[in-house]
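**Student:** Please read through the structure below; I'll follow up with questions.
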Amino acid sequence: MDDAVVTPTERPASRSIGILTRVVRVVGWTSIVVGVLILGFVVQQLFVTTWFAQQHQTALAEEAEQHFITAEISETEYIPPAPGGTPGNGAVTPGGGGWSTDEQPPMDSERRTLLIESRPETGSAFAIIRIPTIDRLKDGWVVVEGVQLRNLKNGAGHMPHTPLPGMPGNAVISGHRTTYGAPFHELDELNPGDTIEVDTAVGTHIYEVREVIIVRPTELWVTEPRDGAWLTLTTCHPKFSARQRLIVFAELVGGPNWEVIYT
């Protein structure tokens, strides 16, 4: 009878090895699945969104061209800002400066007339921005009204509470740097003196880069009004991160309203 007795001395070790193998297998497959999902997300963000944005650009360019034809263009008197003054009498003036209702401009000052266009509807294409020194922008990228995600999916976005390009003050345009066409991907390559062109219904406005800086996302002063006529471009920094903001300040140096504003 002693010969018939089997002692299962190896079974506990075998059972432990089997459980460990299953755990390793589950962890391995889970890691593979997670890796594939992450890779798919990266591909979707970097390539799929860019492909769709580029396809949308064709339709948006046609919409912008139609806007150039149908937009209502009017003339309005422009009164240059006076230091420390406030805008008055209903004239178009840069934010943060102007003649008060009690302080009129000198009598010998020449009357100035600005060309202005009607405000575009949110989400609509109304301008085209070109930067000759950046390959992806040398042929132009459409600008839409609004900076919500749904707006920036299609093109660069104009901040609604700021003036339109070519007008006195500080026109602000934002754009993605790594997704949705990444129109501002190489914005950090701009240098003072580089040219930026913006087509609107009024005409082509030419800006010259004055400064390129990096700020925190909370530094909203970069969007505040400025004397003269400025274009401020904003995008995320560094690439693939939203930790900071890359800011480009450019001043108007040519266009339909340049002489009126700077004479």
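Chains: A, B, ... in order of the structure tokens. Residues: from 1 per chain. Ligands: from 1, in order shown.
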I'd like the neighbourhood of Ala64 (chain A) as a list of chain:residue names, where a residue qualifies if any of its atoms comes within 9 Å (using only C-alpha atoms), though same-chain residues fewer than 4 positions away should be ignored.
**Tutor:**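 In the requested format, the answer is A:Ala59, A:Leu60, A:Phe68, A:Ile69, A:Ser124, A:Ala125, A:Phe126, A:Ala127, A:Ile128, A:Val142, A:Val143, A:Val144, A:Thr200, A:Ala201.
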**Student:** Hey, what does DSSP flag as strand (DSSP E or B) within region 58-215 of chain A? Can you give it to me as a PyMOL selection string?
**Tutor:** chain A and resi 73-78+92+112-117+125-130+141-145+156-158+169-174+195-199+204-215
**Student:** I want to know what sits within 12 Å of Gln55 (chain A), based on only C-alpha atoms, with residues of the same chain fewer than 6 positions away left out; could you give that as a list in words?
**Tutor:** Val48, Thr49, Ala61, Trp141, Val142, Lys153, Asn154, Gly155, Tyr180 and Gly181 of chain A
**Student:** Could those residues be written to a file, using all heavy atoms, as a PDB file, in the first residue's frame?
**Tutor:**
```pdb
ATOM      1  N   VAL A  48      -4.439  62.491 -38.734  1.00  0.00           N
ATOM      2  CA  VAL A  48      -5.833  62.476 -39.189  1.00  0.00           C
ATOM      3  C   VAL A  48      -6.443  63.869 -39.104  1.00  0.00           C
ATOM      4  O   VAL A  48      -7.076  64.348 -40.054  1.00  0.00           O
ATOM      5  CB  VAL A  48      -6.670  61.467 -38.371  1.00  0.00           C
ATOM      6  CG1 VAL A  48      -8.135  61.519 -38.803  1.00  0.00           C
ATOM      7  CG2 VAL A  48      -6.121  60.053 -38.550  1.00  0.00           C
ATOM      8  N   THR A  49      -6.255  64.547 -37.950  1.00  0.00           N
ATOM      9  CA  THR A  49      -6.820  65.897 -37.818  1.00  0.00           C
ATOM     10  C   THR A  49      -6.195  66.851 -38.832  1.00  0.00           C
ATOM     11  O   THR A  49      -6.875  67.736 -39.360  1.00  0.00           O
ATOM     12  CB  THR A  49      -6.602  66.446 -36.401  1.00  0.00           C
ATOM     13  OG1 THR A  49      -5.196  66.549 -36.125  1.00  0.00           O
ATOM     14  CG2 THR A  49      -7.250  65.558 -35.358  1.00  0.00           C
ATOM     15  N   ALA A  61     -11.222  78.454 -48.109  1.00  0.00           N
ATOM     16  CA  ALA A  61     -10.638  79.459 -48.991  1.00  0.00           C
ATOM     17  C   ALA A  61     -11.699  80.005 -49.943  1.00  0.00           C
ATOM     18  O   ALA A  61     -11.749  81.213 -50.210  1.00  0.00           O
ATOM     19  CB  ALA A  61      -9.475  78.859 -49.783  1.00  0.00           C
ATOM     20  N   TRP A 141      -3.167  80.603 -45.307  1.00  0.00           N
ATOM     21  CA  TRP A 141      -3.992  79.752 -44.446  1.00  0.00           C
ATOM     22  C   TRP A 141      -5.214  80.579 -44.057  1.00  0.00           C
ATOM     23  O   TRP A 141      -5.098  81.744 -43.681  1.00  0.00           O
ATOM     24  CB  TRP A 141      -3.215  79.325 -43.203  1.00  0.00           C
ATOM     25  CG  TRP A 141      -3.846  78.165 -42.482  1.00  0.00           C
ATOM     26  CD1 TRP A 141      -4.772  78.215 -41.488  1.00  0.00           C
ATOM     27  CD2 TRP A 141      -3.594  76.778 -42.715  1.00  0.00           C
ATOM     28  NE1 TRP A 141      -5.124  76.959 -41.076  1.00  0.00           N
ATOM     29  CE2 TRP A 141      -4.415  76.054 -41.817  1.00  0.00           C
ATOM     30  CE3 TRP A 141      -2.767  76.073 -43.585  1.00  0.00           C
ATOM     31  CZ2 TRP A 141      -4.427  74.662 -41.773  1.00  0.00           C
ATOM     32  CZ3 TRP A 141      -2.777  74.686 -43.541  1.00  0.00           C
ATOM     33  CH2 TRP A 141      -3.590  73.997 -42.637  1.00  0.00           C
ATOM     34  N   VAL A 142      -6.373  79.963 -44.145  1.00  0.00           N
ATOM     35  CA  VAL A 142      -7.616  80.692 -43.910  1.00  0.00           C
ATOM     36  C   VAL A 142      -7.795  81.003 -42.425  1.00  0.00           C
ATOM     37  O   VAL A 142      -7.486  80.174 -41.558  1.00  0.00           O
ATOM     38  CB  VAL A 142      -8.823  79.885 -44.425  1.00  0.00           C
ATOM     39  CG1 VAL A 142     -10.130  80.642 -44.166  1.00  0.00           C
ATOM     40  CG2 VAL A 142      -8.661  79.613 -45.919  1.00  0.00           C
ATOM     41  N   LYS A 153     -10.370  73.998 -35.345  1.00  0.00           N
ATOM     42  CA  LYS A 153     -10.252  72.744 -36.077  1.00  0.00           C
ATOM     43  C   LYS A 153     -10.131  72.989 -37.577  1.00  0.00           C
ATOM     44  O   LYS A 153      -9.584  72.176 -38.309  1.00  0.00           O
ATOM     45  CB  LYS A 153     -11.474  71.854 -35.819  1.00  0.00           C
ATOM     46  CG  LYS A 153     -11.470  71.150 -34.472  1.00  0.00           C
ATOM     47  CD  LYS A 153     -12.700  70.267 -34.344  1.00  0.00           C
ATOM     48  CE  LYS A 153     -12.690  69.510 -33.022  1.00  0.00           C
ATOM     49  NZ  LYS A 153     -13.893  68.638 -32.889  1.00  0.00           N
ATOM     50  N   ASN A 154     -10.665  74.107 -38.027  1.00  0.00           N
ATOM     51  CA  ASN A 154     -10.718  74.379 -39.459  1.00  0.00           C
ATOM     52  C   ASN A 154      -9.637  75.333 -39.944  1.00  0.00           C
ATOM     53  O   ASN A 154      -9.179  75.244 -41.081  1.00  0.00           O
ATOM     54  CB  ASN A 154     -12.094  74.962 -39.816  1.00  0.00           C
ATOM     55  CG  ASN A 154     -13.217  73.972 -39.553  1.00  0.00           C
ATOM     56  OD1 ASN A 154     -13.065  72.787 -39.774  1.00  0.00           O
ATOM     57  ND2 ASN A 154     -14.343  74.461 -39.078  1.00  0.00           N
ATOM     58  N   GLY A 155      -9.243  76.270 -39.128  1.00  0.00           N
ATOM     59  CA  GLY A 155      -8.240  77.235 -39.552  1.00  0.00           C
ATOM     60  C   GLY A 155      -7.693  77.979 -38.363  1.00  0.00           C
ATOM     61  O   GLY A 155      -7.978  77.652 -37.218  1.00  0.00           O
ATOM     62  N   TYR A 180      -4.548  69.606 -36.197  1.00  0.00           N
ATOM     63  CA  TYR A 180      -5.492  70.339 -37.046  1.00  0.00           C
ATOM     64  C   TYR A 180      -4.784  71.222 -38.082  1.00  0.00           C
ATOM     65  O   TYR A 180      -5.071  72.400 -38.227  1.00  0.00           O
ATOM     66  CB  TYR A 180      -6.438  71.177 -36.187  1.00  0.00           C
ATOM     67  CG  TYR A 180      -7.297  70.320 -35.283  1.00  0.00           C
ATOM     68  CD1 TYR A 180      -7.003  70.190 -33.929  1.00  0.00           C
ATOM     69  CD2 TYR A 180      -8.376  69.613 -35.801  1.00  0.00           C
ATOM     70  CE1 TYR A 180      -7.780  69.379 -33.104  1.00  0.00           C
ATOM     71  CE2 TYR A 180      -9.166  68.800 -34.984  1.00  0.00           C
ATOM     72  CZ  TYR A 180      -8.860  68.691 -33.648  1.00  0.00           C
ATOM     73  OH  TYR A 180      -9.629  67.875 -32.838  1.00  0.00           O
ATOM     74  N   GLY A 181      -3.857  70.618 -38.771  1.00  0.00           N
ATOM     75  CA  GLY A 181      -3.123  71.331 -39.807  1.00  0.00           C
ATOM     76  C   GLY A 181      -1.894  72.050 -39.312  1.00  0.00           C
ATOM     77  O   GLY A 181      -1.026  72.419 -40.098  1.00  0.00           O
TER      78      GLY A 181
END
```
**Student:** For His176 (chain A), find every residue with an atom within 9 Å (counting only C-alpha atoms), except residues of its own chain fewer than 6 positions away, and show them as a compact mmCIF listing (two decimals) with all heavy atoms, in the first residue's frame.
**Tutor:**
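In the end it all went to part.txt:
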```txt
# COMPACT_ATOMS: atom_id res chain seq x y z
N LEU A 152 -10.98 76.45 -34.34
CA LEU A 152 -9.57 76.20 -34.64
C LEU A 152 -9.35 74.86 -35.33
O LEU A 152 -8.25 74.59 -35.82
CB LEU A 152 -8.74 76.27 -33.36
CG LEU A 152 -8.72 77.64 -32.67
CD1 LEU A 152 -7.86 77.59 -31.41
CD2 LEU A 152 -8.21 78.72 -33.61
N LYS A 153 -10.37 74.00 -35.35
CA LYS A 153 -10.25 72.74 -36.08
C LYS A 153 -10.13 72.99 -37.58
O LYS A 153 -9.58 72.18 -38.31
CB LYS A 153 -11.47 71.85 -35.82
CG LYS A 153 -11.47 71.15 -34.47
CD LYS A 153 -12.70 70.27 -34.34
CE LYS A 153 -12.69 69.51 -33.02
NZ LYS A 153 -13.89 68.64 -32.89
N GLY A 155 -9.24 76.27 -39.13
CA GLY A 155 -8.24 77.24 -39.55
C GLY A 155 -7.69 77.98 -38.36
O GLY A 155 -7.98 77.65 -37.22
N ALA A 156 -6.86 78.97 -38.66
CA ALA A 156 -6.44 79.87 -37.59
C ALA A 156 -7.67 80.67 -37.16
O ALA A 156 -8.60 80.87 -37.95
CB ALA A 156 -5.34 80.79 -38.08
N ALA A 182 -1.81 72.26 -38.00
CA ALA A 182 -0.64 72.90 -37.38
C ALA A 182 -0.17 74.13 -38.15
O ALA A 182 1.00 74.25 -38.53
CB ALA A 182 0.50 71.89 -37.25
N PRO A 183 -1.07 75.10 -38.40
CA PRO A 183 -0.67 76.27 -39.19
C PRO A 183 0.47 77.07 -38.58
O PRO A 183 1.24 77.70 -39.29
CB PRO A 183 -1.96 77.09 -39.27
CG PRO A 183 -2.77 76.66 -38.09
CD PRO A 183 -2.46 75.21 -37.91
N PHE A 184 0.58 77.06 -37.24
CA PHE A 184 1.61 77.86 -36.58
C PHE A 184 2.77 76.99 -36.05
O PHE A 184 3.44 77.35 -35.09
CB PHE A 184 1.01 78.66 -35.43
CG PHE A 184 0.13 79.80 -35.89
CD1 PHE A 184 -0.67 80.48 -34.99
CD2 PHE A 184 0.10 80.18 -37.21
CE1 PHE A 184 -1.48 81.53 -35.41
CE2 PHE A 184 -0.71 81.23 -37.66
CZ PHE A 184 -1.50 81.91 -36.75
N HIS A 185 3.01 75.87 -36.72
CA HIS A 185 4.04 74.92 -36.27
C HIS A 185 5.42 75.56 -36.21
O HIS A 185 6.18 75.34 -35.27
CB HIS A 185 4.07 73.71 -37.21
CG HIS A 185 4.96 72.61 -36.75
ND1 HIS A 185 4.62 71.74 -35.74
CD2 HIS A 185 6.20 72.22 -37.16
CE1 HIS A 185 5.58 70.86 -35.54
NE2 HIS A 185 6.57 71.14 -36.38
N THR A 234 -0.67 83.94 -31.65
CA THR A 234 -0.44 83.14 -30.45
C THR A 234 -0.57 81.65 -30.77
O THR A 234 -1.40 81.26 -31.59
CB THR A 234 -1.46 83.50 -29.34
OG1 THR A 234 -2.75 82.94 -29.66
CG2 THR A 234 -1.59 84.99 -29.18
N THR A 235 0.26 80.85 -30.12
CA THR A 235 0.17 79.40 -30.26
C THR A 235 0.82 78.76 -29.05
O THR A 235 1.44 79.43 -28.22
CB THR A 235 0.88 78.93 -31.55
OG1 THR A 235 0.55 77.56 -31.81
CG2 THR A 235 2.40 79.07 -31.44
N CYS A 236 0.67 77.45 -28.92
CA CYS A 236 1.21 76.74 -27.75
C CYS A 236 2.73 76.59 -27.85
O CYS A 236 3.30 76.58 -28.94
CB CYS A 236 0.58 75.36 -27.63
SG CYS A 236 -1.18 75.40 -27.21
```
**Student:** My list of candidates is A:Leu114, A:Leu231, A:Ile173, A:Ile79. Which is closest to His205 (chain A) when distances are computed with only C-alpha atoms?
**Tutor:** A:Leu231
**Student:** Pick out the residues sitting within 10 Å of Asp188 (chain A), and hand them over as a list in words; count only C-alpha atoms, and ignore anything fewer than 5 positions along from it in its own chain.
**Tutor:**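 The residues satisfying every condition are Val212, Ile213, Ile214, Thr235, His237, Pro238, Lys239, Leu246, Ile247 and Val248 of chain A.
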**Student:** When distances are computed from only C-alpha atoms, which of A:Gln244, A:Thr58, A:Ser174, A:Thr113 shows the smallest separation from Glu75 (chain A)?
**Tutor:**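 Using only C-alpha atoms, the shortest distance to Glu75 (chain A) belongs to A:Thr113.
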**Student:** Measuring atom to atom with only C-alpha atoms, identify which of A:Gly203, A:Pro192, A:Gly157, A:Pro217 is nearest to Leu115 (chain A).
**Tutor:** A:Gly203
